[in-house]
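Everything below belongs to coords17.cif, which stores mmCIF, N, CA and C atoms.
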data_data
loop_
_atom_site.label_atom_id
_atom_site.label_comp_id
_atom_site.auth_asym_id
_atom_site.auth_seq_id
_atom_site.Cartn_x
_atom_site.Cartn_y
_atom_site.Cartn_z
N MET A 1 287.07 83.61 31.06
CA MET A 1 287.31 83.95 29.68
C MET A 1 286.21 84.83 29.11
N GLY A 2 285.12 85.04 29.81
CA GLY A 2 284.05 85.94 29.37
C GLY A 2 283.37 85.44 28.10
N ASN A 3 283.13 86.36 27.16
CA ASN A 3 282.49 86.02 25.90
C ASN A 3 283.42 85.31 24.92
N LYS A 4 284.70 85.38 25.16
CA LYS A 4 285.64 84.78 24.22
C LYS A 4 285.70 83.27 24.42
N LYS A 5 285.77 82.57 23.30
CA LYS A 5 285.80 81.13 23.33
C LYS A 5 287.01 80.64 22.55
N LYS A 6 287.42 79.44 22.85
CA LYS A 6 288.47 78.80 22.07
C LYS A 6 287.79 78.05 20.94
N ARG A 7 288.13 78.40 19.70
CA ARG A 7 287.52 77.78 18.53
C ARG A 7 288.61 77.20 17.65
N GLY A 8 288.51 75.94 17.35
CA GLY A 8 289.41 75.33 16.39
C GLY A 8 290.87 75.55 16.69
N GLY A 9 291.24 75.65 17.95
CA GLY A 9 292.64 75.79 18.32
C GLY A 9 293.14 77.22 18.33
N VAL A 10 292.31 78.19 18.04
CA VAL A 10 292.75 79.59 18.06
C VAL A 10 292.14 80.24 19.29
N LYS A 11 292.95 80.43 20.30
CA LYS A 11 292.50 80.95 21.58
C LYS A 11 292.15 82.43 21.48
N GLY A 12 291.06 82.83 22.08
CA GLY A 12 290.72 84.23 22.20
C GLY A 12 289.76 84.77 21.17
N TYR A 13 289.45 84.02 20.14
CA TYR A 13 288.50 84.51 19.15
C TYR A 13 287.10 84.04 19.48
N LYS A 14 286.13 84.94 19.26
CA LYS A 14 284.74 84.53 19.36
C LYS A 14 284.44 83.67 18.15
N SER A 15 283.41 82.88 18.24
CA SER A 15 283.02 82.07 17.09
C SER A 15 282.74 83.00 15.92
N ALA A 16 283.33 82.69 14.78
CA ALA A 16 283.21 83.54 13.61
C ALA A 16 281.77 83.71 13.16
N LYS A 17 280.96 82.67 13.28
CA LYS A 17 279.60 82.76 12.76
C LYS A 17 278.73 83.76 13.53
N LEU A 18 279.12 84.13 14.73
CA LEU A 18 278.33 85.08 15.51
C LEU A 18 278.32 86.48 14.91
N HIS A 19 279.32 86.78 14.07
CA HIS A 19 279.44 88.11 13.49
C HIS A 19 278.70 88.25 12.17
N TRP A 20 278.18 87.19 11.62
CA TRP A 20 277.62 87.23 10.28
C TRP A 20 276.16 87.60 10.29
N LYS A 21 275.79 88.50 9.39
CA LYS A 21 274.39 88.87 9.23
C LYS A 21 273.79 88.14 8.04
N ASN A 22 274.58 87.95 7.00
CA ASN A 22 274.11 87.26 5.80
C ASN A 22 274.56 85.81 5.83
N VAL A 23 273.77 84.96 5.27
CA VAL A 23 274.08 83.54 5.25
C VAL A 23 275.14 83.23 4.19
N MET A 24 275.11 83.95 3.05
CA MET A 24 275.99 83.64 1.95
C MET A 24 276.31 84.90 1.15
N GLU A 25 277.59 85.06 0.78
CA GLU A 25 277.98 86.19 -0.06
C GLU A 25 278.89 85.69 -1.17
N VAL A 26 278.71 86.27 -2.37
CA VAL A 26 279.51 85.91 -3.54
C VAL A 26 280.35 87.12 -3.92
N TYR A 27 281.61 86.86 -4.28
CA TYR A 27 282.55 87.91 -4.65
C TYR A 27 283.17 87.60 -6.01
N LYS A 28 283.55 88.64 -6.73
CA LYS A 28 284.20 88.42 -8.03
C LYS A 28 285.36 89.40 -8.17
N PHE A 29 286.36 88.98 -8.96
CA PHE A 29 287.53 89.81 -9.21
C PHE A 29 288.06 89.48 -10.59
N ASN A 30 288.32 90.51 -11.38
CA ASN A 30 288.88 90.33 -12.71
C ASN A 30 290.40 90.47 -12.62
N ILE A 31 291.15 89.44 -13.01
CA ILE A 31 292.60 89.47 -12.86
C ILE A 31 293.26 90.53 -13.75
N ASN A 32 292.53 91.08 -14.71
CA ASN A 32 293.08 92.18 -15.51
C ASN A 32 293.33 93.42 -14.66
N GLU A 33 292.72 93.46 -13.49
CA GLU A 33 292.91 94.59 -12.57
C GLU A 33 294.31 94.57 -11.94
N LEU A 34 295.06 93.49 -12.13
CA LEU A 34 296.36 93.33 -11.50
C LEU A 34 297.51 93.77 -12.40
N LYS A 35 297.41 94.92 -12.98
CA LYS A 35 298.49 95.42 -13.83
C LYS A 35 299.61 96.03 -12.99
N ASN A 36 299.33 96.31 -11.75
CA ASN A 36 300.29 96.92 -10.85
C ASN A 36 300.85 95.85 -9.91
N SER A 37 302.15 95.63 -9.95
CA SER A 37 302.76 94.58 -9.11
C SER A 37 302.66 94.90 -7.62
N ASP A 38 302.44 96.17 -7.26
CA ASP A 38 302.27 96.52 -5.85
C ASP A 38 301.01 95.88 -5.27
N ILE A 39 299.98 95.77 -6.10
CA ILE A 39 298.75 95.13 -5.65
C ILE A 39 299.02 93.65 -5.35
N GLU A 40 299.79 93.00 -6.21
CA GLU A 40 300.15 91.60 -5.97
C GLU A 40 300.90 91.45 -4.66
N LYS A 41 301.83 92.36 -4.40
CA LYS A 41 302.60 92.30 -3.15
C LYS A 41 301.68 92.45 -1.95
N GLU A 42 300.71 93.35 -2.04
CA GLU A 42 299.75 93.53 -0.95
C GLU A 42 298.92 92.26 -0.74
N MET A 43 298.55 91.61 -1.84
CA MET A 43 297.78 90.37 -1.74
C MET A 43 298.60 89.28 -1.07
N LEU A 44 299.85 89.17 -1.43
CA LEU A 44 300.73 88.14 -0.85
C LEU A 44 300.92 88.34 0.65
N GLU A 45 300.85 89.58 1.11
CA GLU A 45 301.06 89.87 2.53
C GLU A 45 300.02 89.23 3.44
N VAL A 46 298.82 88.97 2.93
CA VAL A 46 297.77 88.39 3.78
C VAL A 46 297.77 86.86 3.74
N ILE A 47 298.65 86.29 2.93
CA ILE A 47 298.71 84.84 2.76
C ILE A 47 299.89 84.29 3.56
N ASP A 48 299.67 83.16 4.22
CA ASP A 48 300.72 82.58 5.05
C ASP A 48 301.91 82.11 4.22
N TYR A 49 303.04 81.97 4.87
CA TYR A 49 304.31 81.65 4.22
C TYR A 49 304.26 80.35 3.42
N LYS A 50 303.67 79.33 4.00
CA LYS A 50 303.59 78.02 3.33
C LYS A 50 302.86 78.14 1.99
N ARG A 51 301.76 78.86 2.00
CA ARG A 51 300.98 79.02 0.76
C ARG A 51 301.73 79.90 -0.24
N ARG A 52 302.44 80.92 0.22
CA ARG A 52 303.24 81.75 -0.69
C ARG A 52 304.29 80.91 -1.40
N GLU A 53 304.88 79.96 -0.68
CA GLU A 53 305.85 79.06 -1.31
C GLU A 53 305.19 78.25 -2.42
N THR A 54 304.02 77.73 -2.15
CA THR A 54 303.29 76.94 -3.14
C THR A 54 302.95 77.79 -4.36
N LEU A 55 302.48 79.01 -4.13
CA LEU A 55 302.15 79.91 -5.23
C LEU A 55 303.39 80.20 -6.08
N GLY A 56 304.54 80.34 -5.43
CA GLY A 56 305.78 80.65 -6.13
C GLY A 56 306.21 79.56 -7.10
N ARG A 57 305.70 78.36 -6.93
CA ARG A 57 306.05 77.24 -7.82
C ARG A 57 305.15 77.14 -9.05
N ILE A 58 304.10 77.94 -9.10
CA ILE A 58 303.19 77.91 -10.26
C ILE A 58 303.84 78.70 -11.40
N LYS A 59 304.09 78.02 -12.50
CA LYS A 59 304.80 78.63 -13.64
C LYS A 59 303.89 79.44 -14.56
N ASN A 60 302.67 78.98 -14.76
CA ASN A 60 301.74 79.67 -15.64
C ASN A 60 301.20 80.93 -14.96
N ARG A 61 301.42 82.08 -15.58
CA ARG A 61 301.05 83.37 -14.98
C ARG A 61 299.55 83.45 -14.65
N LYS A 62 298.72 83.02 -15.57
CA LYS A 62 297.27 83.10 -15.34
C LYS A 62 296.84 82.18 -14.20
N ALA A 63 297.39 80.97 -14.16
CA ALA A 63 297.07 80.03 -13.07
C ALA A 63 297.54 80.60 -11.73
N TYR A 64 298.71 81.23 -11.74
CA TYR A 64 299.24 81.87 -10.52
C TYR A 64 298.28 82.96 -10.04
N LEU A 65 297.84 83.82 -10.97
CA LEU A 65 296.93 84.91 -10.59
C LEU A 65 295.60 84.38 -10.10
N HIS A 66 295.07 83.34 -10.74
CA HIS A 66 293.82 82.74 -10.27
C HIS A 66 293.96 82.27 -8.83
N SER A 67 295.05 81.56 -8.54
CA SER A 67 295.27 81.04 -7.19
C SER A 67 295.49 82.16 -6.18
N LEU A 68 296.31 83.12 -6.54
CA LEU A 68 296.61 84.24 -5.64
C LEU A 68 295.34 85.02 -5.32
N VAL A 69 294.63 85.43 -6.34
CA VAL A 69 293.43 86.25 -6.15
C VAL A 69 292.36 85.48 -5.38
N GLY A 70 292.16 84.21 -5.70
CA GLY A 70 291.15 83.42 -5.00
C GLY A 70 291.43 83.33 -3.51
N GLU A 71 292.66 83.01 -3.18
CA GLU A 71 292.99 82.89 -1.75
C GLU A 71 292.94 84.24 -1.06
N TRP A 72 293.48 85.27 -1.70
CA TRP A 72 293.46 86.62 -1.12
C TRP A 72 292.02 87.06 -0.87
N MET A 73 291.17 86.87 -1.87
CA MET A 73 289.79 87.33 -1.77
C MET A 73 289.07 86.66 -0.60
N ILE A 74 289.20 85.35 -0.47
CA ILE A 74 288.52 84.64 0.60
C ILE A 74 289.09 85.04 1.96
N ARG A 75 290.41 85.17 2.06
CA ARG A 75 291.02 85.60 3.33
C ARG A 75 290.57 87.01 3.71
N GLN A 76 290.58 87.92 2.74
CA GLN A 76 290.18 89.30 3.02
C GLN A 76 288.71 89.39 3.44
N LYS A 77 287.86 88.72 2.71
CA LYS A 77 286.42 88.79 3.01
C LYS A 77 286.12 88.11 4.34
N THR A 78 286.81 87.03 4.65
CA THR A 78 286.62 86.37 5.94
C THR A 78 287.06 87.29 7.06
N THR A 79 288.19 87.97 6.87
CA THR A 79 288.67 88.93 7.87
C THR A 79 287.67 90.06 8.06
N GLU A 80 287.16 90.60 6.95
CA GLU A 80 286.17 91.69 7.03
C GLU A 80 284.91 91.26 7.77
N LYS A 81 284.44 90.04 7.50
CA LYS A 81 283.19 89.57 8.10
C LYS A 81 283.34 89.13 9.54
N THR A 82 284.52 88.65 9.93
CA THR A 82 284.66 88.02 11.25
C THR A 82 285.64 88.73 12.18
N GLY A 83 286.54 89.54 11.63
CA GLY A 83 287.57 90.16 12.45
C GLY A 83 288.77 89.25 12.71
N LEU A 84 288.78 88.06 12.13
CA LEU A 84 289.90 87.13 12.31
C LEU A 84 291.11 87.60 11.51
N ASP A 85 292.29 87.36 12.02
CA ASP A 85 293.54 87.68 11.32
C ASP A 85 293.70 86.71 10.15
N SER A 86 293.87 87.23 8.94
CA SER A 86 293.91 86.37 7.75
C SER A 86 295.05 85.35 7.79
N LYS A 87 296.15 85.68 8.43
CA LYS A 87 297.28 84.75 8.48
C LYS A 87 297.03 83.59 9.45
N ARG A 88 296.01 83.72 10.29
CA ARG A 88 295.68 82.64 11.22
C ARG A 88 294.66 81.67 10.63
N LEU A 89 294.19 81.97 9.44
CA LEU A 89 293.23 81.09 8.76
C LEU A 89 294.02 80.02 8.02
N VAL A 90 293.93 78.79 8.49
CA VAL A 90 294.68 77.68 7.89
C VAL A 90 293.78 76.99 6.88
N ILE A 91 294.19 77.04 5.60
CA ILE A 91 293.41 76.43 4.54
C ILE A 91 294.00 75.07 4.19
N GLU A 92 293.15 74.06 4.22
CA GLU A 92 293.52 72.70 3.81
C GLU A 92 292.54 72.29 2.71
N ARG A 93 292.74 71.10 2.15
CA ARG A 93 291.83 70.58 1.13
C ARG A 93 291.37 69.18 1.55
N ASN A 94 290.08 68.91 1.30
CA ASN A 94 289.57 67.58 1.62
C ASN A 94 289.98 66.58 0.53
N GLU A 95 289.53 65.36 0.66
CA GLU A 95 289.94 64.31 -0.29
C GLU A 95 289.50 64.58 -1.72
N TYR A 96 288.53 65.48 -1.91
CA TYR A 96 288.04 65.82 -3.25
C TYR A 96 288.65 67.12 -3.77
N GLY A 97 289.53 67.74 -2.98
CA GLY A 97 290.20 68.97 -3.40
C GLY A 97 289.48 70.25 -2.99
N LYS A 98 288.35 70.13 -2.28
CA LYS A 98 287.60 71.32 -1.84
C LYS A 98 288.32 71.96 -0.66
N PRO A 99 288.59 73.26 -0.75
CA PRO A 99 289.29 73.92 0.35
C PRO A 99 288.38 74.19 1.55
N TYR A 100 288.99 74.22 2.73
CA TYR A 100 288.26 74.54 3.95
C TYR A 100 289.24 75.13 4.97
N PHE A 101 288.69 75.85 5.95
CA PHE A 101 289.51 76.38 7.03
C PHE A 101 289.65 75.31 8.10
N LEU A 102 290.85 74.83 8.29
CA LEU A 102 291.12 73.78 9.25
C LEU A 102 290.74 74.22 10.67
N ASN A 103 291.06 75.45 11.02
CA ASN A 103 290.85 75.91 12.39
C ASN A 103 289.54 76.67 12.60
N PHE A 104 288.74 76.84 11.56
CA PHE A 104 287.42 77.46 11.69
C PHE A 104 286.42 76.72 10.81
N PRO A 105 286.06 75.50 11.20
CA PRO A 105 285.18 74.69 10.35
C PRO A 105 283.78 75.26 10.19
N GLU A 106 283.40 76.22 11.01
CA GLU A 106 282.06 76.81 10.87
C GLU A 106 281.99 77.84 9.74
N ILE A 107 283.15 78.19 9.16
CA ILE A 107 283.19 79.12 8.02
C ILE A 107 283.38 78.28 6.76
N HIS A 108 282.47 78.42 5.83
CA HIS A 108 282.53 77.65 4.59
C HIS A 108 282.80 78.60 3.43
N PHE A 109 283.56 78.10 2.45
CA PHE A 109 283.87 78.92 1.29
C PHE A 109 284.21 78.02 0.11
N ASN A 110 284.24 78.64 -1.06
CA ASN A 110 284.69 77.94 -2.25
C ASN A 110 285.18 79.00 -3.23
N ILE A 111 286.06 78.58 -4.12
CA ILE A 111 286.68 79.48 -5.09
C ILE A 111 286.59 78.82 -6.46
N SER A 112 286.33 79.62 -7.49
CA SER A 112 286.30 79.14 -8.85
C SER A 112 286.89 80.20 -9.76
N HIS A 113 287.34 79.80 -10.93
CA HIS A 113 287.86 80.77 -11.89
C HIS A 113 287.56 80.31 -13.31
N SER A 114 287.40 81.30 -14.18
CA SER A 114 287.16 81.04 -15.59
C SER A 114 287.61 82.27 -16.36
N GLY A 115 288.44 82.05 -17.36
CA GLY A 115 288.94 83.18 -18.14
C GLY A 115 289.70 84.14 -17.24
N ASN A 116 289.29 85.38 -17.22
CA ASN A 116 289.94 86.40 -16.39
C ASN A 116 289.25 86.62 -15.05
N TRP A 117 288.23 85.84 -14.76
CA TRP A 117 287.45 86.04 -13.55
C TRP A 117 287.75 85.00 -12.47
N VAL A 118 287.76 85.49 -11.24
CA VAL A 118 287.86 84.62 -10.07
C VAL A 118 286.63 84.89 -9.23
N LEU A 119 285.93 83.84 -8.83
CA LEU A 119 284.74 83.95 -8.00
C LEU A 119 285.00 83.30 -6.65
N GLY A 120 284.40 83.86 -5.64
CA GLY A 120 284.48 83.28 -4.30
C GLY A 120 283.14 83.34 -3.63
N ILE A 121 282.88 82.38 -2.79
CA ILE A 121 281.65 82.36 -2.01
C ILE A 121 282.03 82.09 -0.56
N LEU A 122 281.40 82.80 0.34
CA LEU A 122 281.67 82.71 1.78
C LEU A 122 280.33 82.55 2.48
N SER A 123 280.25 81.59 3.41
CA SER A 123 278.97 81.30 4.04
C SER A 123 279.16 80.67 5.42
N ASN A 124 278.10 80.66 6.19
CA ASN A 124 278.11 79.90 7.43
C ASN A 124 277.41 78.55 7.24
N ARG A 125 277.23 78.18 5.97
CA ARG A 125 276.68 76.87 5.58
C ARG A 125 277.56 76.28 4.48
N LYS A 126 277.47 74.98 4.27
CA LYS A 126 278.21 74.36 3.17
C LYS A 126 277.81 75.03 1.87
N CYS A 127 278.80 75.26 0.99
CA CYS A 127 278.52 75.99 -0.24
C CYS A 127 279.52 75.60 -1.33
N GLY A 128 279.22 75.98 -2.53
CA GLY A 128 280.11 75.77 -3.65
C GLY A 128 279.79 76.78 -4.73
N ILE A 129 280.74 77.01 -5.63
CA ILE A 129 280.54 77.95 -6.73
C ILE A 129 281.29 77.42 -7.94
N ASP A 130 280.70 77.58 -9.10
CA ASP A 130 281.34 77.11 -10.32
C ASP A 130 280.94 77.95 -11.50
#
As structure tokens, what does this structure read like?
Amino acid sequence: MGNKKKRGGVKGYKSAKLHWKNVMEVYKFNINELKNSDIEKEMLEVIDYKRRETLGRIKNRKAYLHSLVGEWMIRQKTTEKTGLDSKRLVIERNEYGKPYFLNFPEIHFNISHSGNWVLGILSNRKCGID
């Protein structure tokens, strides 16, 4: 198998943490930037089907955008940093509601939102943002 290792059930990927130069990065996005529905469609394309179904049940527009942007941002940034396919990143929640990647436990992240802003943090260490 050479340099490639099996990590968290995803065969063929190198360990994600090997690609990281920075220990922690913070990202922000203003949901007012989503005036174009094409951008929303592009965001939905990187999210797995199960999560898209869940997002579709959110009635409040602002809550929907917070959830969509948060998940999109973390998936995109994780893909940029590691080369992993965003649709292969399985997000679950622990007993306290904190999200984590089921199949890549070495990648840590958190998402927060307030007003029109969504914040995300991505790290190779446990982290949180509020």
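Between atom CA of A:Glu106 and atom N of A:Ser123 the separation is 9.0 Å.
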* **For stretch 64-78 of chain A: contacts at 8 Å, all atoms listed in the file, fewer than 2 positions along chain excluded, given as an MDAnalysis selection string** => chainID A and resid 27 29 31 42:44 46:47 55:62 80:87 89 109:114 116:122
Write the residues of the preceding selection, restricted to N, CA and C atoms, as an mmCIF file, keeping the file's coordinate frame.
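Result saved to again.cif:
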data_model
loop_
_atom_site.group_PDB
_atom_site.id
_atom_site.type_symbol
_atom_site.label_atom_id
_atom_site.label_comp_id
_atom_site.auth_asym_id
_atom_site.auth_seq_id
_atom_site.Cartn_x
_atom_site.Cartn_y
_atom_site.Cartn_z
ATOM 1 N N TYR A 27 281.610 86.860 -4.280
ATOM 2 C CA TYR A 27 282.550 87.910 -4.650
ATOM 3 C C TYR A 27 283.170 87.600 -6.010
ATOM 4 N N PHE A 29 286.360 88.980 -8.960
ATOM 5 C CA PHE A 29 287.530 89.810 -9.210
ATOM 6 C C PHE A 29 288.060 89.480 -10.590
ATOM 7 N N ILE A 31 291.150 89.440 -13.010
ATOM 8 C CA ILE A 31 292.600 89.470 -12.860
ATOM 9 C C ILE A 31 293.260 90.530 -13.750
ATOM 10 N N GLU A 42 300.710 93.350 -2.040
ATOM 11 C CA GLU A 42 299.750 93.530 -0.950
ATOM 12 C C GLU A 42 298.920 92.260 -0.740
ATOM 13 N N MET A 43 298.550 91.610 -1.840
ATOM 14 C CA MET A 43 297.780 90.370 -1.740
ATOM 15 C C MET A 43 298.600 89.280 -1.070
ATOM 16 N N LEU A 44 299.850 89.170 -1.430
ATOM 17 C CA LEU A 44 300.730 88.140 -0.850
ATOM 18 C C LEU A 44 300.920 88.340 0.650
ATOM 19 N N VAL A 46 298.820 88.970 2.930
ATOM 20 C CA VAL A 46 297.770 88.390 3.780
ATOM 21 C C VAL A 46 297.770 86.860 3.740
ATOM 22 N N ILE A 47 298.650 86.290 2.930
ATOM 23 C CA ILE A 47 298.710 84.840 2.760
ATOM 24 C C ILE A 47 299.890 84.290 3.560
ATOM 25 N N LEU A 55 302.480 79.010 -4.130
ATOM 26 C CA LEU A 55 302.150 79.910 -5.230
ATOM 27 C C LEU A 55 303.390 80.200 -6.080
ATOM 28 N N GLY A 56 304.540 80.340 -5.430
ATOM 29 C CA GLY A 56 305.780 80.650 -6.130
ATOM 30 C C GLY A 56 306.210 79.560 -7.100
ATOM 31 N N ARG A 57 305.700 78.360 -6.930
ATOM 32 C CA ARG A 57 306.050 77.240 -7.820
ATOM 33 C C ARG A 57 305.150 77.140 -9.050
ATOM 34 N N ILE A 58 304.100 77.940 -9.100
ATOM 35 C CA ILE A 58 303.190 77.910 -10.260
ATOM 36 C C ILE A 58 303.840 78.700 -11.400
ATOM 37 N N LYS A 59 304.090 78.020 -12.500
ATOM 38 C CA LYS A 59 304.800 78.630 -13.640
ATOM 39 C C LYS A 59 303.890 79.440 -14.560
ATOM 40 N N ASN A 60 302.670 78.980 -14.760
ATOM 41 C CA ASN A 60 301.740 79.670 -15.640
ATOM 42 C C ASN A 60 301.200 80.930 -14.960
ATOM 43 N N ARG A 61 301.420 82.080 -15.580
ATOM 44 C CA ARG A 61 301.050 83.370 -14.980
ATOM 45 C C ARG A 61 299.550 83.450 -14.650
ATOM 46 N N LYS A 62 298.720 83.020 -15.570
ATOM 47 C CA LYS A 62 297.270 83.100 -15.340
ATOM 48 C C LYS A 62 296.840 82.180 -14.200
ATOM 49 N N GLU A 80 287.160 90.600 6.950
ATOM 50 C CA GLU A 80 286.170 91.690 7.030
ATOM 51 C C GLU A 80 284.910 91.260 7.770
ATOM 52 N N LYS A 81 284.440 90.040 7.500
ATOM 53 C CA LYS A 81 283.190 89.570 8.100
ATOM 54 C C LYS A 81 283.340 89.130 9.540
ATOM 55 N N THR A 82 284.520 88.650 9.930
ATOM 56 C CA THR A 82 284.660 88.020 11.250
ATOM 57 C C THR A 82 285.640 88.730 12.180
ATOM 58 N N GLY A 83 286.540 89.540 11.630
ATOM 59 C CA GLY A 83 287.570 90.160 12.450
ATOM 60 C C GLY A 83 288.770 89.250 12.710
ATOM 61 N N LEU A 84 288.780 88.060 12.130
ATOM 62 C CA LEU A 84 289.900 87.130 12.310
ATOM 63 C C LEU A 84 291.110 87.600 11.510
ATOM 64 N N ASP A 85 292.290 87.360 12.020
ATOM 65 C CA ASP A 85 293.540 87.680 11.320
ATOM 66 C C ASP A 85 293.700 86.710 10.150
ATOM 67 N N SER A 86 293.870 87.230 8.940
ATOM 68 C CA SER A 86 293.910 86.370 7.750
ATOM 69 C C SER A 86 295.050 85.350 7.790
ATOM 70 N N LYS A 87 296.150 85.680 8.430
ATOM 71 C CA LYS A 87 297.280 84.750 8.480
ATOM 72 C C LYS A 87 297.030 83.590 9.450
ATOM 73 N N LEU A 89 294.190 81.970 9.440
ATOM 74 C CA LEU A 89 293.230 81.090 8.760
ATOM 75 C C LEU A 89 294.020 80.020 8.020
ATOM 76 N N PHE A 109 283.560 78.100 2.450
ATOM 77 C CA PHE A 109 283.870 78.920 1.290
ATOM 78 C C PHE A 109 284.210 78.020 0.110
ATOM 79 N N ASN A 110 284.240 78.640 -1.060
ATOM 80 C CA ASN A 110 284.690 77.940 -2.250
ATOM 81 C C ASN A 110 285.180 79.000 -3.230
ATOM 82 N N ILE A 111 286.060 78.580 -4.120
ATOM 83 C CA ILE A 111 286.680 79.480 -5.090
ATOM 84 C C ILE A 111 286.590 78.820 -6.460
ATOM 85 N N SER A 112 286.330 79.620 -7.490
ATOM 86 C CA SER A 112 286.300 79.140 -8.850
ATOM 87 C C SER A 112 286.890 80.200 -9.760
ATOM 88 N N HIS A 113 287.340 79.800 -10.930
ATOM 89 C CA HIS A 113 287.860 80.770 -11.890
ATOM 90 C C HIS A 113 287.560 80.310 -13.310
ATOM 91 N N SER A 114 287.400 81.300 -14.180
ATOM 92 C CA SER A 114 287.160 81.040 -15.590
ATOM 93 C C SER A 114 287.610 82.270 -16.360
ATOM 94 N N ASN A 116 289.290 85.380 -17.220
ATOM 95 C CA ASN A 116 289.940 86.400 -16.390
ATOM 96 C C ASN A 116 289.250 86.620 -15.050
ATOM 97 N N TRP A 117 288.230 85.840 -14.760
ATOM 98 C CA TRP A 117 287.450 86.040 -13.550
ATOM 99 C C TRP A 117 287.750 85.000 -12.470
ATOM 100 N N VAL A 118 287.760 85.490 -11.240
ATOM 101 C CA VAL A 118 287.860 84.620 -10.070
ATOM 102 C C VAL A 118 286.630 84.890 -9.230
ATOM 103 N N LEU A 119 285.930 83.840 -8.830
ATOM 104 C CA LEU A 119 284.740 83.950 -8.000
ATOM 105 C C LEU A 119 285.000 83.300 -6.650
ATOM 106 N N GLY A 120 284.400 83.860 -5.640
ATOM 107 C CA GLY A 120 284.480 83.280 -4.300
ATOM 108 C C GLY A 120 283.140 83.340 -3.630
ATOM 109 N N ILE A 121 282.880 82.380 -2.790
ATOM 110 C CA ILE A 121 281.650 82.360 -2.010
ATOM 111 C C ILE A 121 282.030 82.090 -0.560
ATOM 112 N N LEU A 122 281.400 82.800 0.340
ATOM 113 C CA LEU A 122 281.670 82.710 1.780
ATOM 114 C C LEU A 122 280.330 82.550 2.480
#
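The gap separating atom CA of A:Asn103 from atom CA of A:Ile91 is 8.3 Å, in Å to one decimal.
Our summary of the geometry notes that atom C of A:Arg51 is positioned 27.2 Å from atom C of A:Val23.
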* Run DSSP on the backbone and grab whatever in stretch 43-112 of chain A lands in strand (DSSP E); send it over as number ranges by chain. => A: 91-93, 99-101, 108-112
Using the selection just defined, write its residues with N, CA and C atoms as a short mmCIF file (atom, residue, chain, number, x, y, z; two decimals), in the coordinates of the input.
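Produced file selection.cif, reproduced below:
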data_model
loop_
_atom_site.label_atom_id
_atom_site.label_comp_id
_atom_site.auth_asym_id
_atom_site.auth_seq_id
_atom_site.Cartn_x
_atom_site.Cartn_y
_atom_site.Cartn_z
N ILE A 91 294.19 77.04 5.60
CA ILE A 91 293.41 76.43 4.54
C ILE A 91 294.00 75.07 4.19
N GLU A 92 293.15 74.06 4.22
CA GLU A 92 293.52 72.70 3.81
C GLU A 92 292.54 72.29 2.71
N ARG A 93 292.74 71.10 2.15
CA ARG A 93 291.83 70.58 1.13
C ARG A 93 291.37 69.18 1.55
N PRO A 99 288.59 73.26 -0.75
CA PRO A 99 289.29 73.92 0.35
C PRO A 99 288.38 74.19 1.55
N TYR A 100 288.99 74.22 2.73
CA TYR A 100 288.26 74.54 3.95
C TYR A 100 289.24 75.13 4.97
N PHE A 101 288.69 75.85 5.95
CA PHE A 101 289.51 76.38 7.03
C PHE A 101 289.65 75.31 8.10
N HIS A 108 282.47 78.42 5.83
CA HIS A 108 282.53 77.65 4.59
C HIS A 108 282.80 78.60 3.43
N PHE A 109 283.56 78.10 2.45
CA PHE A 109 283.87 78.92 1.29
C PHE A 109 284.21 78.02 0.11
N ASN A 110 284.24 78.64 -1.06
CA ASN A 110 284.69 77.94 -2.25
C ASN A 110 285.18 79.00 -3.23
N ILE A 111 286.06 78.58 -4.12
CA ILE A 111 286.68 79.48 -5.09
C ILE A 111 286.59 78.82 -6.46
N SER A 112 286.33 79.62 -7.49
CA SER A 112 286.30 79.14 -8.85
C SER A 112 286.89 80.20 -9.76
#
* To do: Mind listing the alpha helix (DSSP H) residues of chain A, per DSSP on the backbone, as a count of residues only?
  => 39
* Have a look at A:Ala63, A:Met24, A:Leu102, A:Leu34 and name the one nearest to A:Gly115; count only C-alpha atoms. =>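 Nearest to A:Gly115: A:Ala63.
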Axis-aligned box for all listed atoms of stretch 53-60 of chain A, 4 Å per side, centre and edges in Å to one decimal, as lines of an AutoDock Vina configuration file:
center_x = 303.7
center_y = 78.9
center_z = -8.2
size_x = 13.0
size_y = 12.0
size_z = 23.0
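Closest approach to A:Phe104 from the set A:Val90, A:Cys127, A:Thr54, A:Asp48 is made by A:Val90, with distances taken over all atoms listed in the file.
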For stretch 106-111 of chain A, which lacks atoms in the input, supply N, CA, C and O atoms and format the output as an mmCIF file, in the frame of the given file.
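What follows is the written file rebuild02.cif:
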data_model
loop_
_atom_site.group_PDB
_atom_site.id
_atom_site.type_symbol
_atom_site.label_atom_id
_atom_site.label_comp_id
_atom_site.auth_asym_id
_atom_site.auth_seq_id
_atom_site.Cartn_x
_atom_site.Cartn_y
_atom_site.Cartn_z
ATOM 1 N N GLU A 106 283.400 76.220 11.010
ATOM 2 C CA GLU A 106 282.060 76.810 10.870
ATOM 3 C C GLU A 106 281.990 77.840 9.740
ATOM 4 O O GLU A 106 280.925 78.308 9.375
ATOM 5 N N ILE A 107 283.150 78.190 9.160
ATOM 6 C CA ILE A 107 283.190 79.120 8.020
ATOM 7 C C ILE A 107 283.380 78.280 6.760
ATOM 8 O O ILE A 107 284.349 77.542 6.637
ATOM 9 N N HIS A 108 282.470 78.420 5.830
ATOM 10 C CA HIS A 108 282.530 77.650 4.590
ATOM 11 C C HIS A 108 282.800 78.600 3.430
ATOM 12 O O HIS A 108 282.315 79.726 3.403
ATOM 13 N N PHE A 109 283.560 78.100 2.450
ATOM 14 C CA PHE A 109 283.870 78.920 1.290
ATOM 15 C C PHE A 109 284.210 78.020 0.110
ATOM 16 O O PHE A 109 284.443 76.828 0.257
ATOM 17 N N ASN A 110 284.240 78.640 -1.060
ATOM 18 C CA ASN A 110 284.690 77.940 -2.250
ATOM 19 C C ASN A 110 285.180 79.000 -3.230
ATOM 20 O O ASN A 110 284.769 80.164 -3.162
ATOM 21 N N ILE A 111 286.060 78.580 -4.120
ATOM 22 C CA ILE A 111 286.680 79.480 -5.090
ATOM 23 C C ILE A 111 286.590 78.820 -6.460
ATOM 24 O O ILE A 111 286.775 77.614 -6.592
#
